[in-house]
There are 2 protein chains.
Amino acid sequence: MPTERQSLIMLFGATGDLATRKLYPALFQLYKKGNIRSHFALIGTSRQKLTDEKFRDLVSKSIENDVTDKKQGSDFASHFYYIAHDVTNLAHYSVLKDKADELDKKYKLGGNRVFYISMAPNFFGTVAKDLKTQHVLSEGPGFNRLVIEKPFGRDYESAKALNDALSASFEENQIFRIDHYLGKEMIQNIEAVRFGNTIFEALWNNRYIDNIQITLAEKLGVEERAGYYDNSGALRDMVQNHIMQIVSLLAMEQPVAFKDTDIRAEKVKALRSLRVYNVADAATNFVRGQYASNGAEKEYRREDGVPADSNTETFVAGKLLFDNYRWSGTPFYIRTGKKLADKFTRVDVVFKKPLVDIFAFPQNGSTPLNANVLTIYVEPTQGFSIVVNAKNNASGFQTEPVNLTYLEDAKRTKETPQPYERLIHDVLKGDGTNFASWPEVANAWKFVDQIRRVWDIQQPMFPNYIPGSMGPVAADELLARDHREWVYKLNQ
Amino acid sequence: MPTERQSLIMLFGATGDLATRKLYPALFQLYKKGNIRSHFALIGTSRQKLTDEKFRDLVSKSIENDVTDKKQGSDFASHFYYIAHDVTNLAHYSVLKDKADELDKKYKLGGNRVFYISMAPNFFGTVAKDLKTQHVLSEGPGFNRLVIEKPFGRDYESAKALNDALSASFEENQIFRIDHYLGKEMIQNIEAVRFGNTIFEALWNNRYIDNIQITLAEKLGVEERAGYYDNSGALRDMVQNHIMQIVSLLAMEQPVAFKDTDIRAEKVKALRSLRVYNVADAATNFVRGQYASNGAEKEYRREDGVPADSNTETFVAGKLLFDNYRWSGTPFYIRTGKKLADKFTRVDVVFKKPLVDIFAFPQNGSTPLNANVLTIYVEPTQGFSIVVNAKNNASGFQTEPVNLTYLEDAKRTKETPQPYERLIHDVLKGDGTNFASWPEVANAWKFVDQIRRVWDIQQPMFPNYIPGSMGPVAADELLARDHREWVYKLNQ
């Protein structure tokens with residue numbers, strides 16, 4: 001029997017896309033599993049005027065595919081309340097406070113409050129401040145926690161200003177910065193694989209690992225997000241948060257214990273060891289791209305809402321270097337982009353080739369030994385594989401690479417809790433393991449800002465890659481220069 | 001296009017079971033693949049009187065399942081000649097010599113001769129001696145090679161006497177001692193896996209490997225071999241040769257080059273580092289068993305040809321220790337037996353458990369981390385697997401072992417050259433890699449003799465295991481005493 005978590009959830013942006021697509025279904029899963037049950041209530045707010053009834057209809061609709069027991073569905077929806085709210089109108093906050101106090105009594109919530117801000121980032125600071133000044137925060141027993149969605153700033157300066165604003169009302173350990181990649185099963189699995197296996201942890205350093213590759217590939221273009229996206233670009237939208245988080249999980253030292261404070265401490269140490277590039281190195285070690293037309297599909301600059309002269313990158317590849325004993329000399333190569341060959345996320349850990357190849361006789365037709373590669377398949381398929389050199393069954397002695405694999409079947413993947421279910425559950429438990437702490441965010445911005453700085457003063461040659469490819473040629477050249485290549489290539 | 005190997009093969013025991021079941025089909029495969037073609041001939045001998053015609057009928061029958069092209073089958077058989085031969089009658093050897101010279105001319109064999117002795121072991125020495133004294137050996141250009149089947153002695157003394165007899169006529173590098181396990185695909189793969197993979201070679205020592213387990217399990221009982229078997233037992237029949245060879249491939253240092261002399265040198269070094277037990281340690285570290293009846297099947301002592309008071313072991317388990325820097329403290333556990341649960345051969349390399357288990361919180365229901373295990377599946381299925389601890393997809397953070405596997409499909413396994421095809425091909429090439437050298441055989445006997453010595457003076461409690469089990473309870477206790485267990489257990 002799971003422990004039921006008592007809490008009021010106050011959601012800003014309750015009629016938005018994220019709320020209906022992700023949050024309500026996630027809460028319903030937690031409800032079905034008993035992680036929340038009688039002692040929870042949600043106050044939804046947004047500018048729209050809605051009755052509780054209409055709001056509950058919206059919630060019910062968003063979970064309709066997951067409902068197996070009608071009564072359970074309507075019981076769940078009965079915990080939802082709605083208050084129209086203009087975040088700039090202080091008077092509105094006391095209405096929220098009264099409702100929160102009322103529901104706290106009604107559902108016996110123990111004074112626990114989660115404030116979930118899922119709205120335009122320019123309101124993050126205001127809302128956080130006013131929640132405190134207008135006494136919406138729980139002042140008795142119980143916790144106050146703040147959940148905020150990305151983007152957390154658009155550079156170090158703006159992120160710091162935002163963080164200062166939040167800090168006026170919430171302690172760092174009360175702030176849960178959502179990075180939904182950290183809610184993904186296989187990203188969480190990085191820690192299990194690294195610290196749960198002698199055979200990997202013993203090899204997890206620059207003596208045995210030649211390089212690590214991280215690919216977050218999308219098949220779609222910008223779609224409806226063009227306005228936001230063009231103002232952001234792949235570096236801010238994917239690299240600063242998701243990729244830097246994955247990199248830090250792969251690079252960090254072993255945490256003293258498996259808990260949020262210890263893990264965060266190691267991630268911060270890793271990010272602080274990441275070499276922040278000077279202008280010349282930033283220009284050399286990072287590659288940007290923007291997708292062209294392939295005839296059938298529009299080029300980025302002709303997408304609705306994108307300026308015809310946009311220099312926003314829809315693709316990034318880069319080389320990251322750590323200046324510490326574990327990783328010095330072992331680069332991390334990262335890439336992400338839109339309109340690529342396929343939609344997938346994977347991590348390839350490329351081990352050094354055997355120091356000698358005692359099987360390489362020209363006369364026996366042996367191919368050179370492959371590097372061992374551990375691949376972590378994050379999505380859509382979940383699993384692992386390891387490339388091992390074995391003897392093939394020809395009559396002589398020739399080696400060939402074979403793939404040892406564990407791939408989850410689709411059924412189990414489907415049963416895996418979705419990121420938002422995990423992350424909201426973590427918030428209710430007060431477990432910050434899978435959220436980005438401020439020092440992590442700050443260091444990631446400092447790294448990314450240097451790349452941005454160079455790009456902002458240089459004119460890119462856009463568009464420069466074709467939809468369905470794996471990005472611009474320069475992304476391959478980035479590795480070729482180091483006598484390496486991407487493990488995942490097209491036409492494999 | 002494979003290189004055709006020229007050679008006369010003179011086979012002693014040409015009407016025997018091994019010849020018809022294994023050797024002729026193996027030669028036919030080599031013929032089909034062009035490894036032998038026009039320039040080969042075989043003289044079969046045995047006591048039986050046969051015409052060439054009848055002998056060729058016997059050969060044709062033995063390959064009938066593999067013939068796809070009738071003409072090819074009869075062309076192949078036309079290379080076979082028969083001479084009845086009493087090995088104790090010196091006059092007979094000159095008939096062999098004349099026939100060999102005649103066929104050498106006819107088929108242009110370049111003076112190359114392979115003498116293959118597949119008969120009762122007491123004749124090995126005589127035949128080898130007389131082949132030389134009666135000038136059957138090629139005296140012009142070309143090679144002379146001797147192939148002998150097991151058993152190579154029944155203890156160190158008799159093996160040495162046999163080897164001395166062979167050495168009078170053949171140099172060590174002309175003697176090919178067959179151990180058909182060394183012809184198996186996955187046994188040969190041990191070297192590819194060890195020396196072709198950074199991730200294994202880096203871990204292949206007592207810092208990372210907790211223990212190595214080798215199991216050669218048979219489902220059948222002694223069947224028609226009871227007479228021979230009862231005089232031998234599992235220790236001599238399986239451990240001294242097959243298991244000691246597998247152990248030495250797993251334990252040896254990297255050979256300077258991948259060729260027979262270098263590999264043999266390392267195998268001998270490994271076997272010389274194997275601790276030869278004193279009486280007390282032999283009694284403690286080895287376990288023997290003899291199968292009982294399970295109602296439906298007879299106990300060993302009631303098999304035809306087995307004395308009712310036989311103390312011959314049909315099962316052995318043991319612990320082997322190497323006194324060198326690589327393996328000190330990492331035992332090799334071995335076991336083999338008849339009438340066990342299933343027929344299979346496998347090697348389990350058990351790595352040390354992670355030094356810490358940072359995921360083990362009582363409250364999250366995590367099971368303790370498993371040891372990583374690399375399993376080499378030798379037969380019947382061919383392949384590898386690695387046990388890796390991963391996160392399971394429950395909502396908390398719990399680890400569970402998953403299996404990364406590469407298992408060959410049955411079709412490919414079927415296409416894999418059989419041991420005798422490989423080994424005869426090696427003989428024709430003059431490659432001794434997959435044969436046991438005398439120093440290996442000698443050291444293996446010295447180790448095994450110590451076990452035998454203790455067993456010969458102690459009365460066993462036989463029978464002591466049930467058909468369909470994995471041997472006597474003492475085999476499990478052998479590991480339990482060291483706080484370990486067999487990776488392969490019943491009911492998995």
# chains A, B, ... in the order shown; residues from 1 in each chain; ligands from 1
call {"tool": "residues_around", "arguments": {"residues": "segment 257-266 of chain A", "least_positions_apart": "3", "cutoff": "10 Å", "atoms": "only C-alpha atoms", "output": "PyMOL selection string"}}
result
(chain A and resi 173+191+195+248-249+251-254+269-272+430-440) or (chain B and resi 356-361+397)
call {"tool": "write_last_selection", "arguments": {"atoms": "C-alpha atoms", "output": "tab-separated table (two decimals), in the first residue's frame"}}
result
chain	number	residue	atom	x	y	z
A	173	ASN	CA	15.00	23.23	-1.01
A	191	GLU	CA	22.54	6.31	-11.93
A	195	PHE	CA	26.59	2.90	-9.42
A	248	SER	CA	26.11	15.90	-15.29
A	249	LEU	CA	24.50	12.56	-14.37
A	251	ALA	CA	30.01	12.75	-15.43
A	252	MET	CA	29.46	13.16	-11.69
A	253	GLU	CA	31.36	11.33	-8.96
A	254	GLN	CA	29.59	8.82	-6.76
A	269	LYS	CA	30.87	19.67	-8.87
A	270	ALA	CA	30.78	18.05	-12.29
A	271	LEU	CA	29.35	21.15	-13.94
A	272	ARG	CA	31.93	23.31	-12.23
A	430	GLY	CA	9.75	16.43	-1.12
A	431	ASP	CA	12.44	14.56	-3.05
A	432	GLY	CA	14.50	16.97	-5.14
A	433	THR	CA	16.68	14.32	-6.78
A	434	ASN	CA	15.16	14.73	-10.21
A	435	PHE	CA	15.02	18.52	-10.32
A	436	ALA	CA	17.63	21.04	-11.29
A	437	SER	CA	19.13	22.96	-8.39
A	438	TRP	CA	20.09	26.59	-8.78
A	439	PRO	CA	23.86	26.08	-8.84
A	440	GLU	CA	23.37	23.51	-11.64
B	356	VAL	CA	28.59	-0.10	-1.94
B	357	ASP	CA	24.87	-0.36	-2.55
B	358	ILE	CA	23.73	3.24	-2.46
B	359	PHE	CA	20.24	2.23	-3.57
B	360	ALA	CA	19.52	-0.03	-0.63
B	361	PHE	CA	16.98	1.82	1.45
B	397	PHE	CA	13.77	3.84	-7.24
call {"tool": "interface_residues", "arguments": {"of": "chain B", "to": "chain A", "cutoff": "6 Å", "atoms": "only C-alpha atoms", "output": "PDB file with C-alpha atoms, in the first residue's frame"}}
result
ATOM      1  CA  ASN B 189      35.445 -17.563 -28.458  1.00  0.00           C
ATOM      2  CA  ALA B 192      38.133 -13.391 -28.660  1.00  0.00           C
ATOM      3  CA  VAL B 193      36.033 -12.214 -25.750  1.00  0.00           C
ATOM      4  CA  GLY B 196      39.162  -8.424 -28.090  1.00  0.00           C
ATOM      5  CA  ASN B 197      37.264  -6.323 -25.568  1.00  0.00           C
ATOM      6  CA  THR B 198      38.546  -3.502 -23.413  1.00  0.00           C
ATOM      7  CA  ALA B 257      50.855 -13.107 -30.509  1.00  0.00           C
ATOM      8  CA  PHE B 258      47.820 -15.100 -31.481  1.00  0.00           C
ATOM      9  CA  PRO B 354      29.385  -3.316  -6.172  1.00  0.00           C
ATOM     10  CA  ILE B 358      23.734   3.237  -2.463  1.00  0.00           C
ATOM     11  CA  ASN B 389      21.531  -4.027 -12.416  1.00  0.00           C
ATOM     12  CA  ALA B 390      19.080  -1.462 -13.708  1.00  0.00           C
ATOM     13  CA  LYS B 391      16.259   0.571 -12.261  1.00  0.00           C
ATOM     14  CA  ASN B 393       9.981   0.844 -13.713  1.00  0.00           C
ATOM     15  CA  LEU B 404      21.713  -8.296 -21.898  1.00  0.00           C
ATOM     16  CA  THR B 405      21.949 -11.192 -24.309  1.00  0.00           C
ATOM     17  CA  TYR B 406      23.285 -12.232 -27.643  1.00  0.00           C
ATOM     18  CA  THR B 416      28.920 -23.403 -37.381  1.00  0.00           C
TER      19      THR B 416
END
call {"tool": "closest_residue", "arguments": {"among": "B:Lys338, B:Lys105, B:Lys446, B:Lys411", "to": "Leu274 of chain B", "atoms": "only C-alpha atoms"}}
result
B:Lys446
call {"tool": "select_by_dssp", "arguments": {"residues": "segment 107-155 of chain A", "states": "alpha helix (DSSP H)", "output": "list in words"}}
result
Tyr107, Phe124, Gly125, Thr126, Val127, Ala128, Lys129, Asp130, Leu131, Lys132 and Thr133 of chain A
call {"tool": "select_by_dssp", "arguments": {"residues": "segment 186-322 of chain A", "states": "strand (DSSP E or B)", "output": "list in words"}}
result
Ile209, Asp210, Asn211, Ile212, Gln213, Ile214, Thr215, Leu216, Ala217, Leu274, Phe286, Val287, Arg288, Gly289, Tyr291, Phe315, Val316, Ala317, Gly318, Lys319, Leu320 and Phe322 of chain A
call {"tool": "residues_around", "arguments": {"residues": "Phe123 of chain A", "least_positions_apart": "4", "cutoff": "9 Å", "atoms": "only C-alpha atoms", "output": "list of chain:residue names"}}
result
A:Val87, A:Thr88, A:Ile117, A:Met119, A:Val127, A:Ala128
call {"tool": "atom_distance", "arguments": {"atom1": "atom CA of Phe80 of chain A", "atom2": "atom CA of Glu53 of chain A"}}
result
9.0 Å
call {"tool": "residues_around", "arguments": {"residues": "segment 98-100 of chain B", "least_positions_apart": "5", "cutoff": "12 Å", "atoms": "only C-alpha atoms", "output": "ChimeraX atom specification"}}
result
/B:7-11,40-45,80-83,91-93,105-115,131,134-139
call {"tool": "closest_residue", "arguments": {"among": "B:Gly289, B:Asn163, B:Ser273, B:Lys184", "to": "Pro460 of chain B", "atoms": "only C-alpha atoms"}}
result
B:Gly289
call {"tool": "atom_distance", "arguments": {"atom1": "atom CA of Val347 of chain B", "atom2": "atom CA of Trp204 of chain B"}}
result
14.0 Å
call {"tool": "residues_around", "arguments": {"residues": "Val279 of chain A", "least_positions_apart": "4", "cutoff": "8 Å", "atoms": "only C-alpha atoms", "output": "PDB file with C-alpha atoms, in the first residue's frame"}}
result
ATOM      1  CA  ALA A 283      33.502  28.755 -32.152  1.00  0.00           C
ATOM      2  CA  GLN A 450      29.779  31.621 -23.999  1.00  0.00           C
ATOM      3  CA  ILE A 451      28.544  29.733 -27.036  1.00  0.00           C
ATOM      4  CA  ARG A 453      28.018  35.088 -27.234  1.00  0.00           C
ATOM      5  CA  VAL A 454      30.067  33.876 -30.199  1.00  0.00           C
TER       6      VAL A 454
END
call {"tool": "residues_around", "arguments": {"residues": "Arg335 of chain B", "least_positions_apart": "6", "cutoff": "9 Å", "atoms": "only C-alpha atoms", "output": "list of chain:residue names"}}
result
B:Gln213, B:Ile214, B:Thr215, B:Leu216, B:Ala217, B:Val239, B:Ile243, B:Phe315, B:Val316, B:Ala317, B:Gly318, B:Gly471, B:Ala475
